[in-house]
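Accompanying notes for the structure given below.
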Amino acid sequence: MKVEKLVEIIGSDFYTGVPDSQLKALCNYLMNTYGIDQKHHIIAANEGNCTALAAGYHLATGKVPVVYMQNSGEGNIINPVASLLNDKVYAIPVIFIVGWRGEPGIHDEPQHIYQGEVTVKLLEDMGIKAFVIGKDTTDDEVEKVMEEYKAILAEGKDVAFVIRKGALSYDESVKYENSNSMIREEIIQHIVKASDNDPIISTTGKASRELFETRVANGQSHKYDFLTVGSMGHSSSIALGVAINKPNSRVWCVDGDGAVLMHMGSMAVLGANAPKNMIHIIINNGAHETVGGMPTVASNIDLVAIAKACGYPNAVSVDTFEALDEELEKAKERNELSLIEVKCSIGARDDLGRPTTTALENKINFMNYLKEL
Ligand SMILES: Cc1ncc(C[n+]2csc(CCOP(=O)(O)OP(=O)(O)O)c2C)c(N)n1
């Protein structure tokens, strides 16, 4: 169905979410219609934040907000849904729009398989009534469901539309760009070169796919890399766990700005622990590039100041390859926790592939490699 029709049927004037490639039609519609506008559309740091923000909107207006997200975000909403929205607590009505990655029977990446299996069940377990919208769902059907939903929402309960692959369409496109010049894949090639044989923990999305392909292009083993294919926002915590327990090895984390924002508290814990053997690199394109390029708030925040305030003894920002190479070398030499923010453009190769090894193979190879260190 056309996204404009879905929005019209839902009839809400406030949307908050974390972008999803499967909800690109909705995300692009919202960006074209509202951009980022406090009154109508806010991209929040994680889906739990979206849920709480939506709750605040309801408290202040009495109206029903919409939270949109990929199904990977269900884990992030469980706590605020169960202990804030639920009708045994504050009975706050919210409409969720959930992109269904990993739907059973439809091929998808390993990180989506289990989440795809439990997507509808998890919503139902959380007391959220779900209706699945597919390519063949008619506008009339959705209208009818929305009529039922209105009665449910009026009781302070929550409802969801689960969106199958290709179910929503939007004819307009949106171009997401910034003024940075370095491209992420080349930044990763420079990091790989500097990292020698050190382990690298890389973040969710195209960064990990580009790291995988960089190893292939270099004829190198994948054993050095732990690709955090799911679990967005957690790669720096994984790296902290590795760094603490492998004190004689240098450990790199290649992070994204969207991922850092999603669980920013991890930077405070990293700074407090300050492992001497860890280098945290944030590739900052101010966007959720992997899922379409929708903006994060990271273009307007000072990640270096945040890192320093969290206790990182070293933090710098670079926007040229010369400065990047220089800072990579300095970080290697100093034997102290270091953060390097790398300003990056928005975009990737069209023919970028996906890891050809399984997640389990990745883990086993990585663990075996760590044993050698
Ligand atoms: C909890 C969760 N929410 C949403 C997603 C979908 N998702 C995958 S990658 C990505 C964008 C990551 O942005 P960033 O860290 O800035 O990296 P970039 O894609 O820009 O390189 C999103 C939103 C996800 N995987 N998990």
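Each chain of the structure tokens is named A, B, ... in the order shown, its residues numbered from 1; ligands are numbered from 1 in display order.
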Considering only C-alpha atoms and all ligand atoms, give me a table of residues in chain A that are at most 9 Å from ligand 1, with the closest atom pair and distance in Å for each, as a Markdown table.
| residue | atom | partner | partner_atom_place_in_ligand_line | distance |
| --- | --- | --- | --- | --- |
| A:Val18 | CA | ligand 1 | 23 (C) | 5.8 |
| A:Pro19 | CA | ligand 1 | 23 (C) | 5.1 |
| A:Asp20 | CA | ligand 1 | 6 (C) | 5.2 |
| A:Ser21 | CA | ligand 1 | 6 (C) | 7.4 |
| A:Asn46 | CA | ligand 1 | 1 (C) | 6.7 |
| A:Glu47 | CA | ligand 1 | 3 (N) | 6.9 |
| A:Met69 | CA | ligand 1 | 4 (C) | 6.6 |
| A:Gln70 | CA | ligand 1 | 4 (C) | 5.4 |
| A:Asn71 | CA | ligand 1 | 3 (N) | 7.5 |
| A:Ser72 | CA | ligand 1 | 26 (N) | 4.7 |
| A:Gly73 | CA | ligand 1 | 1 (C) | 3.9 |
| A:Glu74 | CA | ligand 1 | 1 (C) | 7.3 |
| A:Gly75 | CA | ligand 1 | 1 (C) | 7.2 |
| A:Asn76 | CA | ligand 1 | 1 (C) | 6.5 |
| A:Gln111 | CA | ligand 1 | 25 (N) | 8.5 |
| A:His112 | CA | ligand 1 | 25 (N) | 8.8 |
| A:Arg184 | CA | ligand 1 | 21 (O) | 7.3 |
| A:Thr203 | CA | ligand 1 | 15 (O) | 6.8 |
| A:Thr204 | CA | ligand 1 | 9 (S) | 5.3 |
| A:Gly205 | CA | ligand 1 | 9 (S) | 4.1 |
| A:Lys206 | CA | ligand 1 | 21 (O) | 5.7 |
| A:Ala207 | CA | ligand 1 | 21 (O) | 5.5 |
| A:Ser208 | CA | ligand 1 | 21 (O) | 8.8 |
| A:Val229 | CA | ligand 1 | 25 (N) | 7.7 |
| A:Gly230 | CA | ligand 1 | 25 (N) | 5.5 |
| A:Ser231 | CA | ligand 1 | 26 (N) | 6.0 |
| A:Met232 | CA | ligand 1 | 26 (N) | 4.7 |
| A:Gly233 | CA | ligand 1 | 15 (O) | 7.3 |
| A:Asp255 | CA | ligand 1 | 15 (O) | 6.4 |
| A:Gly256 | CA | ligand 1 | 15 (O) | 3.4 |
| A:Asp257 | CA | ligand 1 | 16 (O) | 4.0 |
| A:Gly258 | CA | ligand 1 | 16 (O) | 3.4 |
| A:Ala259 | CA | ligand 1 | 15 (O) | 3.8 |
| A:Val260 | CA | ligand 1 | 15 (O) | 6.6 |
| A:Leu261 | CA | ligand 1 | 15 (O) | 8.0 |
| A:Met262 | CA | ligand 1 | 1 (C) | 7.9 |
| A:Ile282 | CA | ligand 1 | 15 (O) | 8.6 |
| A:Ile283 | CA | ligand 1 | 21 (O) | 7.1 |
| A:Asn284 | CA | ligand 1 | 16 (O) | 6.6 |
| A:Asn285 | CA | ligand 1 | 20 (O) | 5.8 |
| A:Gly286 | CA | ligand 1 | 16 (O) | 6.5 |
| A:Ala287 | CA | ligand 1 | 20 (O) | 4.8 |
| A:His288 | CA | ligand 1 | 13 (O) | 3.7 |
| A:Glu289 | CA | ligand 1 | 20 (O) | 3.7 |
| A:Thr290 | CA | ligand 1 | 19 (O) | 3.5 |
| A:Val291 | CA | ligand 1 | 10 (C) | 5.5 |
| A:Gly292 | CA | ligand 1 | 19 (O) | 8.0 |
| A:Gly293 | CA | ligand 1 | 20 (O) | 6.9 |
| A:Met294 | CA | ligand 1 | 11 (C) | 8.7 |
| A:Pro295 | CA | ligand 1 | 16 (O) | 8.6 |
| A:Thr296 | CA | ligand 1 | 16 (O) | 7.1 |
| A:Ala298 | CA | ligand 1 | 16 (O) | 8.5 |
| A:Cys344 | CA | ligand 1 | 20 (O) | 8.9 |
| A:Ile346 | CA | ligand 1 | 20 (O) | 7.3 |
| A:Gly347 | CA | ligand 1 | 20 (O) | 8.5 |
| A:Ala348 | CA | ligand 1 | 21 (O) | 9.0 |
Can you tell me, as a VMD selection string, which residues in range 38-272 of chain A count as alpha helix (DSSP H) by DSSP? chain A and resid 47 to 61 74 to 80 110 to 125 139 to 154 184 to 194 206 to 218 235 to 245 257 to 262 265 to 272
Grab the residues selected above and save them as a tab-separated table (two decimals), in the first residue's frame with C-alpha atoms.
chain	number	residue	atom	x	y	z
A	47	GLU	CA	13.64	2.31	20.22
A	48	GLY	CA	13.20	2.38	23.99
A	49	ASN	CA	13.87	6.12	23.94
A	50	CYS	CA	11.28	6.44	21.15
A	51	THR	CA	8.74	4.64	23.31
A	52	ALA	CA	9.35	6.95	26.26
A	53	LEU	CA	9.31	10.03	24.04
A	54	ALA	CA	6.00	8.86	22.61
A	55	ALA	CA	4.70	8.40	26.16
A	56	GLY	CA	5.69	12.00	26.97
A	57	TYR	CA	3.87	13.20	23.86
A	58	HIS	CA	0.74	11.37	25.02
A	59	LEU	CA	1.00	12.76	28.56
A	60	ALA	CA	1.25	16.30	27.21
A	61	THR	CA	-1.32	16.11	24.40
A	74	GLU	CA	11.83	-4.99	20.02
A	75	GLY	CA	14.41	-5.83	22.66
A	76	ASN	CA	14.94	-2.14	23.31
A	77	ILE	CA	11.21	-1.44	23.82
A	78	ILE	CA	10.41	-4.33	26.16
A	79	ASN	CA	11.21	-2.47	29.36
A	80	PRO	CA	9.27	0.75	28.63
A	110	PRO	CA	21.66	-14.55	10.41
A	111	GLN	CA	21.03	-11.74	12.90
A	112	HIS	CA	17.44	-11.48	11.68
A	113	ILE	CA	16.44	-15.15	11.73
A	114	TYR	CA	15.53	-15.68	15.39
A	115	GLN	CA	14.22	-12.13	15.81
A	116	GLY	CA	12.07	-12.71	12.72
A	117	GLU	CA	10.64	-15.90	14.20
A	118	VAL	CA	9.57	-14.25	17.44
A	119	THR	CA	8.53	-10.84	16.11
A	120	VAL	CA	4.75	-11.20	16.34
A	121	LYS	CA	4.88	-13.47	19.39
A	122	LEU	CA	6.99	-10.96	21.31
A	123	LEU	CA	4.54	-8.16	20.53
A	124	GLU	CA	1.66	-10.33	21.68
A	125	ASP	CA	3.56	-11.39	24.82
A	139	ASP	CA	-6.45	-0.13	2.19
A	140	ASP	CA	-9.93	-1.24	3.27
A	141	GLU	CA	-8.51	-4.02	5.42
A	142	VAL	CA	-6.15	-1.60	7.15
A	143	GLU	CA	-8.99	0.89	7.65
A	144	LYS	CA	-11.08	-1.80	9.32
A	145	VAL	CA	-8.21	-2.85	11.58
A	146	MET	CA	-7.63	0.77	12.56
A	147	GLU	CA	-11.29	1.07	13.60
A	148	GLU	CA	-10.76	-1.92	15.95
A	149	TYR	CA	-7.47	-0.47	17.10
A	150	LYS	CA	-9.12	2.82	18.09
A	151	ALA	CA	-11.23	0.98	20.68
A	152	ILE	CA	-8.14	-0.81	22.02
A	153	LEU	CA	-6.12	2.42	22.18
A	154	ALA	CA	-8.98	4.12	24.02
A	184	ARG	CA	33.61	4.71	5.02
A	185	GLU	CA	35.08	1.78	3.09
A	186	GLU	CA	38.35	3.60	2.53
A	187	ILE	CA	38.47	4.65	6.19
A	188	ILE	CA	38.13	0.98	7.10
A	189	GLN	CA	40.93	0.05	4.70
A	190	HIS	CA	43.20	2.52	6.50
A	191	ILE	CA	42.22	1.13	9.91
A	192	VAL	CA	42.86	-2.44	8.75
A	193	LYS	CA	46.30	-1.45	7.50
A	194	ALA	CA	47.18	0.24	10.80
A	206	LYS	CA	27.75	-1.86	6.27
A	207	ALA	CA	30.91	-1.15	8.29
A	208	SER	CA	31.18	-4.86	9.11
A	209	ARG	CA	30.39	-5.83	5.53
A	210	GLU	CA	33.11	-3.48	4.27
A	211	LEU	CA	35.57	-4.86	6.81
A	212	PHE	CA	34.77	-8.39	5.60
A	213	GLU	CA	35.35	-7.39	1.97
A	214	THR	CA	38.54	-5.51	2.83
A	215	ARG	CA	39.98	-8.75	4.27
A	216	VAL	CA	38.97	-10.60	1.09
A	217	ALA	CA	40.55	-7.93	-1.12
A	218	ASN	CA	43.75	-8.04	0.99
A	235	SER	CA	30.30	-3.40	19.78
A	236	SER	CA	32.30	-1.11	22.09
A	237	SER	CA	31.13	-3.08	25.13
A	238	ILE	CA	32.12	-6.33	23.41
A	239	ALA	CA	35.51	-4.76	22.69
A	240	LEU	CA	35.84	-3.69	26.35
A	241	GLY	CA	35.19	-7.28	27.46
A	242	VAL	CA	37.84	-8.55	25.06
A	243	ALA	CA	40.36	-5.82	25.90
A	244	ILE	CA	40.13	-6.39	29.66
A	245	ASN	CA	40.70	-10.09	29.23
A	257	ASP	CA	27.62	7.27	15.18
A	258	GLY	CA	24.10	5.80	15.15
A	259	ALA	CA	25.36	2.80	17.11
A	260	VAL	CA	27.25	4.95	19.62
A	261	LEU	CA	24.19	7.09	20.23
A	262	MET	CA	21.99	4.03	20.65
A	265	GLY	CA	26.21	4.91	28.37
A	266	SER	CA	28.80	2.38	27.26
A	267	MET	CA	31.21	5.26	26.62
A	268	ALA	CA	31.00	6.27	30.28
A	269	VAL	CA	31.82	2.74	31.37
A	270	LEU	CA	34.62	2.50	28.81
A	271	GLY	CA	36.08	5.76	30.05
A	272	ALA	CA	35.84	4.64	33.67
Go through A:Leu370, A:Lys135, A:Gly353, A:Asp302 one by one, measure the shortest atom-to-atom distance of each to Glu109 in chain A using only C-alpha atoms, and give the residue with the smallest value. A:Gly353
Counting only C-alpha atoms, the option among A:Phe366, A:Ile183, A:His222, A:Glu361 closest to Lys343 in chain A: A:Ile183
Expected answer as a ChimeraX atom specification: strand (DSSP E or B) residues in range 73-209 of chain A: /A:95-99,128-133,158-163,169,200-202
Generate a file of the selected residues that holds N, CA and C atoms, formatted as an mmCIF file, in the first residue's frame.
data_model
loop_
_atom_site.group_PDB
_atom_site.id
_atom_site.type_symbol
_atom_site.label_atom_id
_atom_site.label_comp_id
_atom_site.auth_asym_id
_atom_site.auth_seq_id
_atom_site.Cartn_x
_atom_site.Cartn_y
_atom_site.Cartn_z
ATOM 1 N N ILE A 95 0.945 3.440 18.964
ATOM 2 C CA ILE A 95 0.872 2.587 17.763
ATOM 3 C C ILE A 95 2.306 2.308 17.310
ATOM 4 N N PHE A 96 2.652 1.045 17.200
ATOM 5 C CA PHE A 96 3.989 0.678 16.716
ATOM 6 C C PHE A 96 3.905 0.271 15.248
ATOM 7 N N ILE A 97 4.883 0.710 14.474
ATOM 8 C CA ILE A 97 5.025 0.223 13.094
ATOM 9 C C ILE A 97 6.374 -0.491 13.045
ATOM 10 N N VAL A 98 6.318 -1.790 12.775
ATOM 11 C CA VAL A 98 7.512 -2.625 12.934
ATOM 12 C C VAL A 98 7.887 -3.274 11.597
ATOM 13 N N GLY A 99 9.099 -2.998 11.141
ATOM 14 C CA GLY A 99 9.595 -3.649 9.923
ATOM 15 C C GLY A 99 9.986 -5.086 10.246
ATOM 16 N N ILE A 128 0.698 -6.308 23.026
ATOM 17 C CA ILE A 128 0.490 -5.407 21.875
ATOM 18 C C ILE A 128 -0.189 -6.208 20.763
ATOM 19 N N LYS A 129 -1.404 -5.802 20.401
ATOM 20 C CA LYS A 129 -2.108 -6.513 19.326
ATOM 21 C C LYS A 129 -1.444 -6.174 17.993
ATOM 22 N N ALA A 130 -1.180 -7.213 17.183
ATOM 23 C CA ALA A 130 -0.438 -6.979 15.943
ATOM 24 C C ALA A 130 -1.245 -7.373 14.712
ATOM 25 N N PHE A 131 -1.119 -6.560 13.666
ATOM 26 C CA PHE A 131 -1.707 -6.888 12.366
ATOM 27 C C PHE A 131 -0.596 -6.801 11.327
ATOM 28 N N VAL A 132 -0.505 -7.832 10.492
ATOM 29 C CA VAL A 132 0.585 -7.879 9.512
ATOM 30 C C VAL A 132 0.117 -7.279 8.189
ATOM 31 N N ILE A 133 0.881 -6.333 7.688
ATOM 32 C CA ILE A 133 0.580 -5.733 6.385
ATOM 33 C C ILE A 133 1.561 -6.295 5.355
ATOM 34 N N ASP A 158 -1.817 -0.931 23.661
ATOM 35 C CA ASP A 158 -0.953 -0.630 22.522
ATOM 36 C C ASP A 158 -1.213 -1.586 21.359
ATOM 37 N N VAL A 159 -0.951 -1.111 20.157
ATOM 38 C CA VAL A 159 -1.206 -1.914 18.956
ATOM 39 C C VAL A 159 -0.029 -1.775 17.999
ATOM 40 N N ALA A 160 0.049 -2.716 17.043
ATOM 41 C CA ALA A 160 1.166 -2.659 16.085
ATOM 42 C C ALA A 160 0.722 -3.038 14.682
ATOM 43 N N PHE A 161 1.380 -2.418 13.712
ATOM 44 C CA PHE A 161 1.323 -2.869 12.333
ATOM 45 C C PHE A 161 2.701 -3.459 12.028
ATOM 46 N N VAL A 162 2.737 -4.714 11.640
ATOM 47 C CA VAL A 162 4.001 -5.364 11.306
ATOM 48 C C VAL A 162 4.111 -5.365 9.775
ATOM 49 N N ILE A 163 5.191 -4.802 9.275
ATOM 50 C CA ILE A 163 5.288 -4.530 7.830
ATOM 51 C C ILE A 163 6.199 -5.540 7.144
ATOM 52 N N SER A 169 4.916 1.443 -0.139
ATOM 53 C CA SER A 169 5.605 2.104 -1.246
ATOM 54 C C SER A 169 5.494 3.628 -1.106
ATOM 55 N N ILE A 200 39.791 -6.851 15.759
ATOM 56 C CA ILE A 200 38.900 -5.707 15.531
ATOM 57 C C ILE A 200 37.461 -6.150 15.811
ATOM 58 N N ILE A 201 36.757 -5.352 16.582
ATOM 59 C CA ILE A 201 35.312 -5.587 16.773
ATOM 60 C C ILE A 201 34.602 -4.479 16.003
ATOM 61 N N SER A 202 33.781 -4.870 15.041
ATOM 62 C CA SER A 202 33.163 -3.850 14.174
ATOM 63 C C SER A 202 31.661 -3.808 14.383
#
Can you list, as a list in words, every protein, DNA or RNA residue that comes within 8 Å of range 196-199 of chain A when you count only C-alpha atoms, leaving out same-chain residues fewer than 5 positions away? Tyr224, Asp225, Phe226, Ser249, Arg250, Val251, Trp252 and Leu370 of chain A
Do a neighbour search on Val304 in chain A at 8 Å with only C-alpha atoms, toss out local chain neighbours closer than 2 positions, and write the hits as a PyMOL selection string. chain A and resi 302+306-308+315-317+339-341
